[in-house]
Structure formats: structure tokens, C-alpha cells
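Colleague: My structure is stored as data_27.tsv, with TSV, C-alpha atoms and all ligand atoms.
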```tsv
chain	number	residue	atom	x	y	z
A	1	MET	CA	64.53	262.95	-36.36
A	2	LEU	CA	63.39	262.32	-32.82
A	3	ASP	CA	65.99	263.19	-30.17
A	4	VAL	CA	65.50	260.31	-27.71
A	5	LYS	CA	68.22	261.60	-25.38
A	6	LYS	CA	66.42	264.93	-24.94
A	7	ILE	CA	63.25	263.05	-24.09
A	8	GLN	CA	65.02	260.87	-21.54
A	9	ASN	CA	66.59	263.93	-19.98
A	10	VAL	CA	63.09	265.44	-19.81
A	11	ASP	CA	64.08	268.60	-21.64
A	12	LEU	CA	60.82	270.49	-21.07
A	13	ASP	CA	61.02	272.72	-24.14
A	14	TYR	CA	61.74	269.79	-26.41
A	15	LEU	CA	59.04	267.63	-24.84
A	16	THR	CA	56.49	270.42	-25.19
A	17	HIS	CA	57.40	270.75	-28.87
A	18	VAL	CA	57.16	267.00	-29.47
A	19	ILE	CA	53.84	266.68	-27.61
A	20	LYS	CA	52.32	269.66	-29.42
A	21	SER	CA	53.59	268.78	-32.89
A	22	GLY	CA	52.15	265.28	-33.32
A	23	LYS	CA	54.56	264.88	-36.24
A	24	TYR	CA	56.95	262.56	-34.42
A	25	ASP	CA	54.38	259.92	-33.50
A	26	GLU	CA	55.66	257.21	-35.81
A	27	GLU	CA	59.15	257.48	-34.31
A	28	ILE	CA	57.86	257.84	-30.75
A	29	PHE	CA	55.74	254.70	-31.07
A	30	LYS	CA	58.51	252.67	-32.65
A	31	THR	CA	61.03	253.78	-30.02
A	32	ALA	CA	58.61	253.05	-27.16
A	33	ASP	CA	57.94	249.56	-28.51
A	34	GLU	CA	61.67	248.85	-28.77
A	35	ILE	CA	62.34	250.15	-25.26
A	36	ARG	CA	59.43	248.11	-23.88
A	37	ARG	CA	60.84	244.96	-25.51
A	38	LYS	CA	64.38	245.65	-24.31
A	39	TYR	CA	63.62	246.64	-20.69
A	40	VAL	CA	60.50	244.66	-19.71
A	41	GLY	CA	60.26	242.00	-22.41
A	42	GLU	CA	57.28	240.37	-24.07
A	43	GLU	CA	55.25	239.58	-20.97
A	44	VAL	CA	52.11	241.57	-20.25
A	45	HIS	CA	51.00	241.35	-16.63
A	46	LEU	CA	47.39	240.97	-15.56
A	47	ARG	CA	46.16	242.94	-12.54
A	48	ALA	CA	42.68	241.97	-11.40
A	49	ILE	CA	40.84	244.97	-10.08
A	50	ILE	CA	38.10	244.89	-7.44
A	51	GLU	CA	36.33	248.25	-7.19
A	52	PHE	CA	34.99	247.58	-3.72
A	53	SER	CA	33.31	250.91	-2.86
A	54	ASN	CA	32.17	253.84	-4.96
A	55	ILE	CA	31.60	256.07	-1.94
A	56	CYS	CA	33.90	259.08	-1.88
A	57	THR	CA	34.34	262.10	0.37
A	58	GLN	CA	36.27	264.05	-2.28
A	59	HIS	CA	35.07	266.53	-4.88
A	60	CYS	CA	37.41	266.06	-7.86
A	61	LEU	CA	35.75	268.02	-10.66
A	62	TYR	CA	36.22	265.33	-13.30
A	63	CYS	CA	35.14	262.24	-11.39
A	64	GLY	CA	31.74	260.56	-11.36
A	65	LEU	CA	32.31	259.25	-7.84
A	66	ARG	CA	32.63	262.77	-6.40
A	67	ALA	CA	30.62	263.19	-3.18
A	68	ASP	CA	28.38	265.81	-4.80
A	69	ASN	CA	27.10	263.45	-7.51
A	70	LYS	CA	23.61	262.43	-6.44
A	71	ASN	CA	22.90	260.51	-9.68
A	72	LEU	CA	24.85	257.46	-8.62
A	73	GLN	CA	23.72	254.42	-6.72
A	74	ARG	CA	26.35	254.01	-4.03
A	75	TYR	CA	27.66	250.66	-2.77
A	76	ARG	CA	30.15	249.17	-0.37
A	77	MET	CA	31.28	245.56	-0.55
A	78	SER	CA	31.65	243.86	2.80
A	79	PRO	CA	35.12	242.59	3.79
A	80	GLU	CA	33.81	239.03	3.35
A	81	GLU	CA	32.59	239.78	-0.17
A	82	ILE	CA	35.94	241.32	-1.06
A	83	ILE	CA	37.90	238.36	0.29
A	84	GLU	CA	35.59	235.94	-1.51
A	85	ARG	CA	36.29	237.78	-4.79
A	86	ALA	CA	40.02	237.69	-4.08
A	87	ARG	CA	39.81	233.90	-3.63
A	88	LEU	CA	38.11	233.55	-7.00
A	89	ILE	CA	40.78	235.72	-8.64
A	90	ALA	CA	43.58	233.65	-7.11
A	91	LYS	CA	41.86	230.48	-8.38
A	92	LEU	CA	41.82	231.96	-11.86
A	93	GLY	CA	45.62	232.15	-11.60
A	94	ILE	CA	45.99	235.94	-11.51
A	95	LYS	CA	48.90	236.98	-9.27
A	96	THR	CA	48.04	240.63	-8.54
A	97	ILE	CA	44.88	241.93	-6.92
A	98	VAL	CA	44.16	245.65	-7.01
A	99	LEU	CA	41.83	246.90	-4.29
A	100	GLN	CA	40.35	250.17	-5.51
A	101	SER	CA	37.71	252.49	-4.07
A	102	GLY	CA	36.69	256.07	-3.65
A	103	GLU	CA	38.12	257.81	-0.58
A	104	ASP	CA	35.81	255.98	1.80
A	105	PRO	CA	36.59	256.26	5.53
A	106	TYR	CA	34.18	253.40	6.31
A	107	TYR	CA	37.16	251.14	5.56
A	108	THR	CA	39.21	251.86	8.66
A	109	THR	CA	42.88	251.09	9.21
A	110	GLU	CA	41.76	247.82	10.80
A	111	ILE	CA	39.42	246.75	8.01
A	112	ILE	CA	42.05	247.37	5.31
A	113	SER	CA	44.59	245.56	7.52
A	114	HIS	CA	42.26	242.59	7.77
A	115	LEU	CA	41.81	242.52	3.98
A	116	ILE	CA	45.56	242.58	3.42
A	117	THR	CA	46.22	239.80	5.95
A	118	GLU	CA	43.56	237.52	4.49
A	119	ILE	CA	44.34	238.20	0.83
A	120	LYS	CA	48.10	237.75	1.30
A	121	LYS	CA	47.35	234.14	2.32
A	122	LEU	CA	46.33	233.57	-1.30
A	123	ASP	CA	49.89	234.05	-2.58
A	124	VAL	CA	49.19	237.17	-4.61
A	125	ALA	CA	50.66	240.66	-4.78
A	126	ILE	CA	48.35	243.34	-3.38
A	127	THR	CA	47.98	246.81	-4.85
A	128	LEU	CA	46.06	249.40	-2.86
A	129	SER	CA	44.30	252.18	-4.75
A	130	ILE	CA	42.15	253.87	-2.14
A	131	GLY	CA	43.30	257.47	-2.32
A	132	GLU	CA	45.08	259.64	0.21
A	133	ARG	CA	45.27	258.09	3.67
A	134	GLY	CA	47.42	258.64	6.77
A	135	PHE	CA	51.18	258.09	6.61
A	136	GLU	CA	50.91	255.80	9.63
A	137	GLU	CA	48.31	253.69	7.84
A	138	TYR	CA	50.55	253.39	4.79
A	139	ARG	CA	53.29	252.11	7.11
A	140	ILE	CA	51.07	249.56	8.85
A	141	TRP	CA	49.67	248.20	5.60
A	142	LYS	CA	53.12	247.89	4.06
A	143	GLU	CA	54.27	245.91	7.07
A	144	LEU	CA	51.26	243.61	6.75
A	145	GLY	CA	52.30	242.79	3.21
A	146	ALA	CA	50.73	245.31	0.85
A	147	ASP	CA	53.10	245.45	-2.12
A	148	ARG	CA	52.04	248.39	-4.23
A	149	TYR	CA	50.06	251.61	-4.06
A	150	LEU	CA	48.44	253.36	-6.99
A	151	MET	CA	47.68	257.03	-6.67
A	152	ARG	CA	47.78	258.99	-9.88
A	153	HIS	CA	49.16	262.50	-9.54
A	154	GLU	CA	46.38	263.45	-12.04
A	155	THR	CA	48.30	266.51	-13.31
A	156	ALA	CA	51.68	267.93	-12.35
A	157	ALA	CA	50.62	271.48	-13.20
A	158	PRO	CA	50.01	272.94	-9.72
A	159	GLU	CA	47.39	275.52	-10.75
A	160	LEU	CA	45.40	273.03	-12.79
A	161	TYR	CA	45.67	270.53	-9.93
A	162	ALA	CA	44.26	273.08	-7.50
A	163	LYS	CA	41.36	273.93	-9.81
A	164	LEU	CA	40.38	270.29	-10.20
A	165	HIS	CA	40.79	269.27	-6.56
A	166	PRO	CA	39.02	271.37	-3.95
A	167	ASN	CA	40.86	270.94	-0.61
A	168	ASP	CA	44.01	269.44	-2.13
A	169	SER	CA	47.23	270.58	-3.75
A	170	PHE	CA	49.82	269.03	-6.02
A	171	GLU	CA	52.42	269.61	-3.27
A	172	ASN	CA	50.38	267.48	-0.91
A	173	ARG	CA	49.77	264.73	-3.48
A	174	LYS	CA	53.50	264.70	-4.16
A	175	ALA	CA	54.28	264.33	-0.45
A	176	HIS	CA	52.03	261.25	-0.29
A	177	LEU	CA	53.67	259.67	-3.31
A	178	TYR	CA	57.16	260.26	-1.93
A	179	GLU	CA	56.14	258.78	1.41
A	180	LEU	CA	54.79	255.65	-0.33
A	181	LYS	CA	58.08	255.34	-2.17
A	182	ARG	CA	60.05	255.83	1.04
A	183	LEU	CA	58.07	253.06	2.75
A	184	GLY	CA	59.05	250.66	0.00
A	185	TYR	CA	55.80	250.38	-1.93
A	186	GLU	CA	55.99	249.96	-5.64
A	187	THR	CA	54.39	253.30	-6.27
A	188	GLY	CA	52.11	254.21	-9.14
A	189	ALA	CA	51.51	257.71	-10.39
A	190	GLY	CA	49.96	258.91	-13.62
A	191	PHE	CA	47.71	261.46	-15.20
A	192	MET	CA	44.81	262.22	-17.47
A	193	VAL	CA	45.23	263.61	-20.98
A	194	GLY	CA	42.91	266.32	-22.29
A	195	LEU	CA	41.89	267.97	-19.03
A	196	PRO	CA	40.28	271.38	-19.60
A	197	GLY	CA	42.99	274.03	-19.81
A	198	GLN	CA	45.83	271.46	-19.89
A	199	THR	CA	48.66	272.50	-22.23
A	200	ALA	CA	51.45	270.57	-23.95
A	201	TYR	CA	53.80	272.11	-21.40
A	202	ASP	CA	51.63	270.73	-18.58
A	203	LEU	CA	51.92	267.26	-20.12
A	204	ALA	CA	55.69	267.70	-20.31
A	205	LEU	CA	55.61	268.46	-16.58
A	206	ASP	CA	53.75	265.18	-16.04
A	207	LEU	CA	56.56	263.24	-17.69
A	208	ALA	CA	59.19	265.14	-15.72
A	209	PHE	CA	57.39	264.30	-12.50
A	210	LEU	CA	57.22	260.58	-13.35
A	211	LYS	CA	60.95	260.60	-13.88
A	212	GLU	CA	61.65	262.63	-10.72
A	213	LEU	CA	59.55	260.22	-8.62
A	214	ASP	CA	60.95	257.23	-10.50
A	215	ALA	CA	57.39	255.93	-10.72
A	216	ASP	CA	57.22	252.14	-10.60
A	217	MET	CA	53.83	252.15	-12.29
A	218	ILE	CA	52.35	254.74	-14.64
A	219	GLY	CA	48.63	254.99	-15.40
A	220	ILE	CA	47.73	257.30	-18.27
A	221	GLY	CA	44.28	257.66	-19.76
A	222	PRO	CA	42.17	260.17	-21.64
A	223	PHE	CA	39.96	262.47	-19.61
A	224	ILE	CA	36.35	261.56	-20.47
A	225	PRO	CA	33.79	264.23	-19.51
A	226	ASN	CA	31.14	262.90	-17.15
A	227	PRO	CA	27.64	264.42	-17.52
A	228	ASP	CA	27.13	264.24	-13.74
A	229	THR	CA	30.12	266.47	-12.96
A	230	PRO	CA	30.97	270.18	-13.33
A	231	LEU	CA	33.20	269.31	-16.31
A	232	LYS	CA	30.34	267.84	-18.34
A	233	ASP	CA	30.79	270.29	-21.21
A	234	ALA	CA	34.55	269.90	-21.52
A	235	LYS	CA	36.09	268.31	-24.60
A	236	GLY	CA	38.08	265.38	-23.24
A	237	GLY	CA	41.25	263.62	-24.35
A	238	ASP	CA	41.82	262.02	-27.76
A	239	LEU	CA	43.29	258.64	-28.66
A	240	GLN	CA	46.35	259.90	-30.49
A	241	THR	CA	47.55	262.27	-27.76
A	242	THR	CA	46.96	259.65	-25.08
A	243	LEU	CA	48.96	257.05	-27.01
A	244	ARG	CA	51.70	259.62	-27.56
A	245	MET	CA	51.90	260.23	-23.79
A	246	ILE	CA	51.97	256.50	-22.95
A	247	ALA	CA	54.77	255.97	-25.44
A	248	LEU	CA	56.72	258.96	-24.11
A	249	ALA	CA	56.29	257.66	-20.55
A	250	ARG	CA	57.85	254.36	-21.63
A	251	ILE	CA	60.81	256.25	-23.10
A	252	VAL	CA	61.23	258.39	-19.97
A	253	VAL	CA	60.90	255.54	-17.40
A	254	PRO	CA	61.96	252.42	-19.37
A	255	THR	CA	61.40	249.80	-16.63
A	256	ALA	CA	58.07	251.09	-15.31
A	257	ASN	CA	54.96	248.91	-15.43
A	258	ILE	CA	52.53	250.78	-17.66
A	259	PRO	CA	48.93	249.68	-18.16
A	260	ALA	CA	46.88	249.95	-21.30
A	261	THR	CA	44.10	251.61	-19.35
A	262	THR	CA	40.38	250.98	-19.29
A	263	ALA	CA	39.72	254.63	-20.19
A	264	LEU	CA	41.86	254.18	-23.30
A	265	GLY	CA	39.76	251.14	-24.22
A	266	SER	CA	36.62	253.15	-23.56
A	267	ILE	CA	37.31	255.89	-26.14
A	268	ASN	CA	38.31	253.44	-28.88
A	269	PRO	CA	37.50	249.73	-29.30
A	270	PHE	CA	41.17	249.01	-30.02
A	271	GLY	CA	42.60	251.61	-27.61
A	272	ARG	CA	44.18	249.08	-25.29
A	273	GLN	CA	45.65	247.07	-28.18
A	274	TYR	CA	47.34	250.23	-29.46
A	275	GLY	CA	48.54	250.92	-25.93
A	276	LEU	CA	50.21	247.51	-25.79
A	277	LYS	CA	51.86	248.13	-29.17
A	278	TYR	CA	53.22	251.51	-28.14
A	279	GLY	CA	54.81	250.90	-24.76
A	280	ALA	CA	52.29	249.47	-22.28
A	281	ASN	CA	52.98	246.11	-20.60
A	282	VAL	CA	50.10	245.71	-18.13
A	283	ILE	CA	46.37	245.22	-18.44
A	284	MET	CA	43.80	245.38	-15.68
A	285	PRO	CA	40.82	243.04	-16.14
A	286	ASN	CA	37.79	244.20	-14.18
A	287	LEU	CA	36.78	241.64	-11.54
A	288	THR	CA	34.30	243.79	-9.66
A	289	PRO	CA	31.28	241.58	-9.07
A	290	ASN	CA	27.84	242.40	-10.33
A	291	PRO	CA	25.52	244.04	-9.47
A	292	TYR	CA	28.07	246.61	-8.27
A	293	ARG	CA	30.18	246.92	-11.39
A	294	PRO	CA	28.10	249.42	-13.42
A	295	ASN	CA	28.00	251.77	-10.44
A	296	TYR	CA	31.74	252.38	-10.40
A	297	SER	CA	31.21	254.95	-13.09
A	298	LEU	CA	34.09	257.38	-13.14
A	299	TYR	CA	33.16	258.40	-16.69
A	300	PRO	CA	30.50	257.46	-19.28
A	301	GLY	CA	31.06	254.67	-21.78
A	302	LYS	CA	33.27	252.62	-19.45
A	303	ILE	CA	33.81	249.21	-21.01
A	304	CYS	CA	33.39	245.77	-19.44
A	305	LEU	CA	29.99	246.48	-17.92
A	306	PHE	CA	27.18	243.94	-17.97
A	307	GLU	CA	29.65	241.24	-18.85
A	308	ARG	CA	29.83	237.89	-17.16
A	309	ASP	CA	31.71	238.67	-13.91
A	310	THR	CA	34.90	236.98	-15.02
A	311	ALA	CA	34.73	237.61	-18.77
A	312	CYS	CA	37.51	240.21	-18.76
A	313	VAL	CA	40.11	237.59	-17.81
A	314	GLU	CA	39.79	235.63	-21.05
A	315	CYS	CA	39.19	238.81	-23.02
A	316	THR	CA	42.41	240.47	-21.84
A	317	LYS	CA	44.47	237.30	-22.35
A	318	GLN	CA	43.16	237.07	-25.89
A	319	MET	CA	43.97	240.73	-26.43
A	320	ILE	CA	47.58	240.21	-25.32
A	321	ARG	CA	48.01	237.30	-27.73
A	322	SER	CA	46.34	239.22	-30.55
A	323	VAL	CA	49.13	241.80	-30.49
A	324	GLY	CA	51.83	239.12	-30.43
A	325	LEU	CA	52.73	239.43	-26.73
A	326	VAL	CA	52.74	236.86	-23.94
A	327	VAL	CA	50.51	236.59	-20.84
A	328	GLY	CA	52.72	237.11	-17.78
A	329	GLU	CA	52.55	234.31	-15.22
A	330	GLY	CA	54.41	235.80	-12.25
A	331	TYR	CA	53.65	238.63	-9.83
A	332	GLY	CA	54.96	241.15	-12.32
A	333	TYR	CA	57.09	243.26	-10.00
A	334	ARG	CA	59.00	246.09	-11.56
A	335	LYS	CA	62.13	244.91	-13.30
A	336	LYS	CA	65.12	246.26	-11.43
A	337	THR	CA	67.88	245.62	-13.89
A	338	GLU	CA	68.20	246.29	-17.55
A	339	MET	CA	67.54	243.30	-19.74
A	340	SER	CA	70.16	242.14	-22.18
A	341	GLU	CA	69.45	242.66	-25.84
B	1	LIG	N1	37.80	260.47	-17.18
B	1	LIG	C1	38.92	259.71	-17.21
B	1	LIG	N2	39.53	259.26	-16.11
B	1	LIG	C2	38.99	259.57	-14.92
B	1	LIG	N3	39.39	259.28	-13.67
B	1	LIG	C3	38.50	259.81	-12.82
B	1	LIG	N4	37.52	260.45	-13.49
B	1	LIG	C4	37.82	260.33	-14.81
B	1	LIG	C5	37.21	260.80	-16.01
B	1	LIG	N5	36.11	261.53	-16.00
B	1	LIG	C6	40.65	258.59	-13.38
B	1	LIG	C7	41.53	259.38	-12.43
B	1	LIG	C8	41.66	258.46	-11.24
B	1	LIG	C9	41.39	257.11	-11.85
B	1	LIG	C10	40.94	256.06	-10.87
B	1	LIG	O1	40.37	257.36	-12.77
B	1	LIG	O2	42.80	259.60	-13.03
B	1	LIG	O3	42.92	258.50	-10.61
B	2	LIG	FE1	36.57	243.46	-20.08
B	2	LIG	FE2	37.21	242.77	-22.59
B	2	LIG	S1	38.50	243.32	-20.96
B	2	LIG	S2	35.28	242.68	-21.63
```
Can you dump the structure from the file as C-alpha cells?
Modeller:
Amino acid sequence: MLDVKKIQNVDLDYLTHVIKSGKYDEEIFKTADEIRRKYVGEEVHLRAIIEFSNICTQHCLYCGLRADNKNLQRYRMSPEEIIERARLIAKLGIKTIVLQSGEDPYYTTEIISHLITEIKKLDVAITLSIGERGFEEYRIWKELGADRYLMRHETAAPELYAKLHPNDSFENRKAHLYELKRLGYETGAGFMVGLPGQTAYDLALDLAFLKELDADMIGIGPFIPNPDTPLKDAKGGDLQTTLRMIALARIVVPTANIPATTALGSINPFGRQYGLKYGANVIMPNLTPNPYRPNYSLYPGKICLFERDTACVECTKQMIRSVGLVVGEGYGYRKKTEMSE
């Protein structure tokens, strides 16, 4: 029998055992689905993502956007193009816009400020996902109306973090996430499953960190080796372990907003549907305009490429209905209070 209390108390030995075993999955999935229903309900929130620049100064070993990758056609959308996209998204009735990019200093404090000011006029929630920036910038953008900030912690195992991120440390990443929290952002963390050298204990640490931070949003996806990176020969994460981690995250942080991620949908045609059945309550349709979209290639096999620009909206709504859930109509802020049964 699964000891749900031990999971919620993030007992590291027990979590490691449960993650490694794989024998508890049926119970984990069932429990996660019940907790999802009880704490966040039947609504699945849509977050439209605009990947506005694939230029990056960082060197993360797993990522196709790393500065050292010369096999990628780089692009930057102009502020006008980004705002135009945001207008289209608002017209489609989606209430959250995620602005995501590599760590690209071309977009100065002022440019990001301008984007926030203009996009907030559209009556949408704004999520920034642009990597590590200055604490003062985080403050300014929050004051201008940015609502949320996504910055996965990638792995909470400090040695593994250091190996994967030249010039960065888990301590530093943690400090940024705590600052975002302190400033009042809904703060998103999360990690990859199946990183080279990652152990079940490391994954238990990831869950413990999500709880410690009280992450408002939790993005979990399989690591998918990219042929244009130093990790090209690594194995990558599998569907079952990734679903197990998503479900455990739901049990550990019951009210968090948890997406069924694009990477999950990229390793299995029904990956996101399983995600929604086993604890996830968010889906992120890709609204990056063509011709840019295929160039935001973090990993190979990324879905939603070469589609009609807006096709993912109908596709994700259909997906939500197909698993018996309901398309959320509001902004989809984190639920503060426990729902009644
Ligand atoms: N496989 C899976 N996910 C990846 N990411 C970056 N590179 C890869 C990869 N090769 C994830 C990271 C990052 C998010 C935007 O994409 O977790 O935070
Ligand atoms: Fe993008 Fe289905 S969600 S095509």
C-alpha cells in the first residue's frame, strides 16, 4: 500500500524507494487524479506560449538553444510582432500569455517593460519565462503587472546541476526562485526526468525542493537528447517515470498548477493525455508564429511544428475534452484554498 502521508512529508528514503520501484504506479496515479480533482477541480487552463527569441548566451549541456550550437537558425521577434501575436491570442479568448525565450540580453529591461505594459492592456495574465535576470528587473516587471515567472530548477541535485550548467549553480538558481516568490510572482519551478547520471534519490530531492519553495507552477518533462548538444548520446527520460514524477508532484503540492508538457507529448502521442489523467491541470498551446516556430528546437521531435499557426488552440481544447475534463475560462491563478469535496 502506498503511504501518501510519507510522500506528502517528502520522506526522502521512502520517495526514493517509490520512484525506483515503479510498482506503486497504479496507486500513485489514482491518488494524484483524486487530489487534482479535490484541490484544483475539473478545469484545465490554457497558457498560450510565444517563443519570441531562440538566442541564448547560456551553455546548458542538454539544450538545443545553447550558445555553442551553430546548427540552428537564430531569430528574434520584434516587440511589435510579439504584441501583435498577443492581440491574436487575446482574441482567441486565452487568458494567459507566456513570453518565453533563451537568455537573450537584446531584450532589455525597457523592452520587456514595454511588452508587459502593452500586453496587460489586453486583459490577460502574463507569465515571463526568459531565464535568470536581475533582481531589480524582476521587481520592475512585477510592478508593471507581470503575474508569473517560470524558471525550472532543472535538477535539485547540486552536483548534477553544476555539471549541466557551466557558470551556474543550484544555490544561485534557488536564490532567483526565492526572490521571485518574495516579489509576489506566481513562481514556477520544475525539472527534467532522465538526465544522465540522475538517480531516484535526485528525483526525490526535486520533489522536496518543490515543496520547500511551495512552487505555484511545476513543469516536469522527459529529458530528450539533442543531437546538436554534448549530451547527444545520452539515453533520455521515459514516459512511465515522467508520469510517475508528475503524479508525485501533484501529491506533494496539491494546489500547484501543473502542465502536461510539450516534451511529454513529444515522446508519446498520448503523453499529454496521460499527464492530464495523472495529476496535470494545465496545457500550453504553442502560439509561436511561423516561420520561427521550428527554430525553437530545444530537443528533436518537438510536436506542433509546421502546423497552422493557431492549430494548437483547438487541438488542446479537444484533448482536454477527450479525457473528460473542462476547458478553463478564467486566468487560472493558483487556487489558494482547499476545495470542498
Ligand atoms: N529535453 C527536454 N527538455 C529540455 N529543456 C531544454 N532542453 C531540453 C531537452 N533536451 C527544457 C528545460 C527548460 C525548458 C524550457 O525546456 O527544462 O527549462
Ligand atoms: Fe499543437 Fe496539438 S497541441 S498540434
Colleague: Enumerate residues in contact with ligand LIG 1 (chain B): an atom-to-atom distance of at most 6 Å, counting all atoms listed in the file. Format the result as a ChimeraX atom specification.
Modeller: /A:62-63,152,154,191-192,222-226,263,298-299
Colleague: At a cut-off of 10 Å around ligand LIG 2 (chain B), and using all atoms listed in the file, what residues come up? Please write them as a PyMOL selection string.
Modeller: chain A and resi 262+265+269+272+283-287+302-319
Colleague: How would the residues just chosen look if you wrote them out with C-alpha atoms as a CSV table (one decimal), in the coordinates of the input?
Modeller:
```csv
chain,number,residue,atom,x,y,z
A,262,THR,CA,40.4,251.0,-19.3
A,265,GLY,CA,39.8,251.1,-24.2
A,269,PRO,CA,37.5,249.7,-29.3
A,272,ARG,CA,44.2,249.1,-25.3
A,283,ILE,CA,46.4,245.2,-18.4
A,284,MET,CA,43.8,245.4,-15.7
A,285,PRO,CA,40.8,243.0,-16.1
A,286,ASN,CA,37.8,244.2,-14.2
A,287,LEU,CA,36.8,241.6,-11.5
A,302,LYS,CA,33.3,252.6,-19.4
A,303,ILE,CA,33.8,249.2,-21.0
A,304,CYS,CA,33.4,245.8,-19.4
A,305,LEU,CA,30.0,246.5,-17.9
A,306,PHE,CA,27.2,243.9,-18.0
A,307,GLU,CA,29.6,241.2,-18.8
A,308,ARG,CA,29.8,237.9,-17.2
A,309,ASP,CA,31.7,238.7,-13.9
A,310,THR,CA,34.9,237.0,-15.0
A,311,ALA,CA,34.7,237.6,-18.8
A,312,CYS,CA,37.5,240.2,-18.8
A,313,VAL,CA,40.1,237.6,-17.8
A,314,GLU,CA,39.8,235.6,-21.0
A,315,CYS,CA,39.2,238.8,-23.0
A,316,THR,CA,42.4,240.5,-21.8
A,317,LYS,CA,44.5,237.3,-22.4
A,318,GLN,CA,43.2,237.1,-25.9
A,319,MET,CA,44.0,240.7,-26.4
```
Colleague: Here's a test: counting only C-alpha atoms, identify every protein, DNA and RNA residue with an atom at most 9 Å from (43.0, 241.6, -9.5) in the file's coordinate frame, and state them as a list in words.
Modeller: Leu46, Arg47, Ala48, Ile49, Ile50, Ala86, Ile89, Ala90, Ile94, Lys95, Thr96, Ile97, Val98, Leu99, Ile126, Thr127, Met284, Pro285, Asn286, Leu287 and Thr288 of chain A
Colleague: Quick one: residues within 10 Å of A:Ala249, all atoms listed in the file counted, chain neighbours fewer than 4 positions away excluded, as a list in words?
Modeller: Ile7, Gln8, Ala32, Gly190, Asp206, Leu207, Ala208, Leu210, Lys211, Ile218, Gly219, Ile220, Leu243, Arg244, Met245, Val253, Pro254, Ala256, Ile258, Gly279 and Ala280 of chain A
Colleague: Pick out the closest residue to A:Tyr75 from this set: A:Gly221, A:Gly275, A:Pro158, A:Gly102. Count only C-alpha atoms.
Modeller: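 Smallest separation from A:Tyr75 among the options: A:Gly102.
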Colleague: As an exercise, work out the distance from atom CA of A:Val18 to atom CA of A:Leu264 in Å and give it to one decimal place.
Modeller: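 Between atom CA of A:Val18 and atom CA of A:Leu264 the gap works out to 20.9 Å.
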Colleague: Measuring between all atoms listed in the file, which one of A:Tyr292, A:Phe29, A:Phe270, A:Tyr333 shows the shortest distance to A:Thr241?
Modeller: A:Phe29
Colleague: Can you work out which one of A:Leu205, A:Pro230, A:Tyr107, A:Tyr161 has the shortest atom-to-atom distance to A:Glu137, counting all atoms listed in the file?
Modeller: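 Closest residue, counting all atoms listed in the file: A:Tyr107.
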Colleague: In Å to one decimal, how far is atom CA of A:Val44 from atom CA of A:Asn281?
Modeller: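 The value is 4.6 Å.
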Colleague: Please, what distance in Å, to one decimal, runs between atom CA of A:Thr31 and atom CA of A:Ala157?
Modeller: 26.5 Å
Colleague: With only C-alpha atoms as the basis for distance, which of A:Asp11, A:Arg293, A:Thr109, A:Lys38 is at the shortest distance from A:Arg74?
Modeller: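 Answer, going by the shortest atom-to-atom distance: A:Arg293.
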Colleague: Have a look at A:Ala215, A:Leu248, A:Val193, A:Leu239 and name the one nearest to A:Asn268; count all atoms listed in the file.
Modeller: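 Between A:Ala215, A:Leu248, A:Val193, A:Leu239, the residue approaching A:Asn268 most closely is A:Leu239.
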Colleague: Let me have the centre and edge lengths in Å, one decimal, of the box along x, y and z around every listed atom of stretch 310-314 of chain A with 3 Å of margin on each side, as lines of an AutoDock Vina configuration file.
Modeller:
```
center_x = 37.4
center_y = 237.9
center_z = -18.0
size_x = 11.4
size_y = 10.6
size_z = 12.0
```
Colleague: Using all atoms listed in the file, can you tell me which of A:Leu160, A:Ile251, A:Val282, A:Leu177 comes closest to A:Asp33?
Modeller: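 The closest residue to A:Asp33 is A:Ile251.
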Colleague: In file coordinates, which residues lie within 6 Å of (59.5, 272.1, -19.8) using all atoms listed in the file, given as a ChimeraX atom specification?
Modeller: /A:12-13,201,204
Colleague: Those selected residues, please, written with C-alpha atoms and delivered as a short mmCIF file (atom, residue, chain, number, x, y, z; two decimals), in the coordinates of the input.
Modeller:
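Saved result, selection-v7.cif, follows:
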```
data_model
loop_
_atom_site.label_atom_id
_atom_site.label_comp_id
_atom_site.auth_asym_id
_atom_site.auth_seq_id
_atom_site.Cartn_x
_atom_site.Cartn_y
_atom_site.Cartn_z
CA LEU A 12 60.82 270.49 -21.07
CA ASP A 13 61.02 272.72 -24.14
CA TYR A 201 53.80 272.11 -21.40
CA ALA A 204 55.69 267.70 -20.31
#
```
Colleague: List as CSV every residue of stretch 167-275 of chain A that is in contact with stretch 138-142 of chain A, defined as an atom at most 8 Å from one of its atoms (using only C-alpha atoms), together with the nearest atom pair and the distance in Å rounded to one decimal, sorted by chain and then rising number.
Modeller:
```
residue,atom,partner,partner_atom,distance
A:Leu180,CA,A:Tyr138,CA,7.0
A:Leu183,CA,A:Arg139,CA,6.5
A:Gly184,CA,A:Lys142,CA,7.7
A:Tyr185,CA,A:Lys142,CA,7.0
```
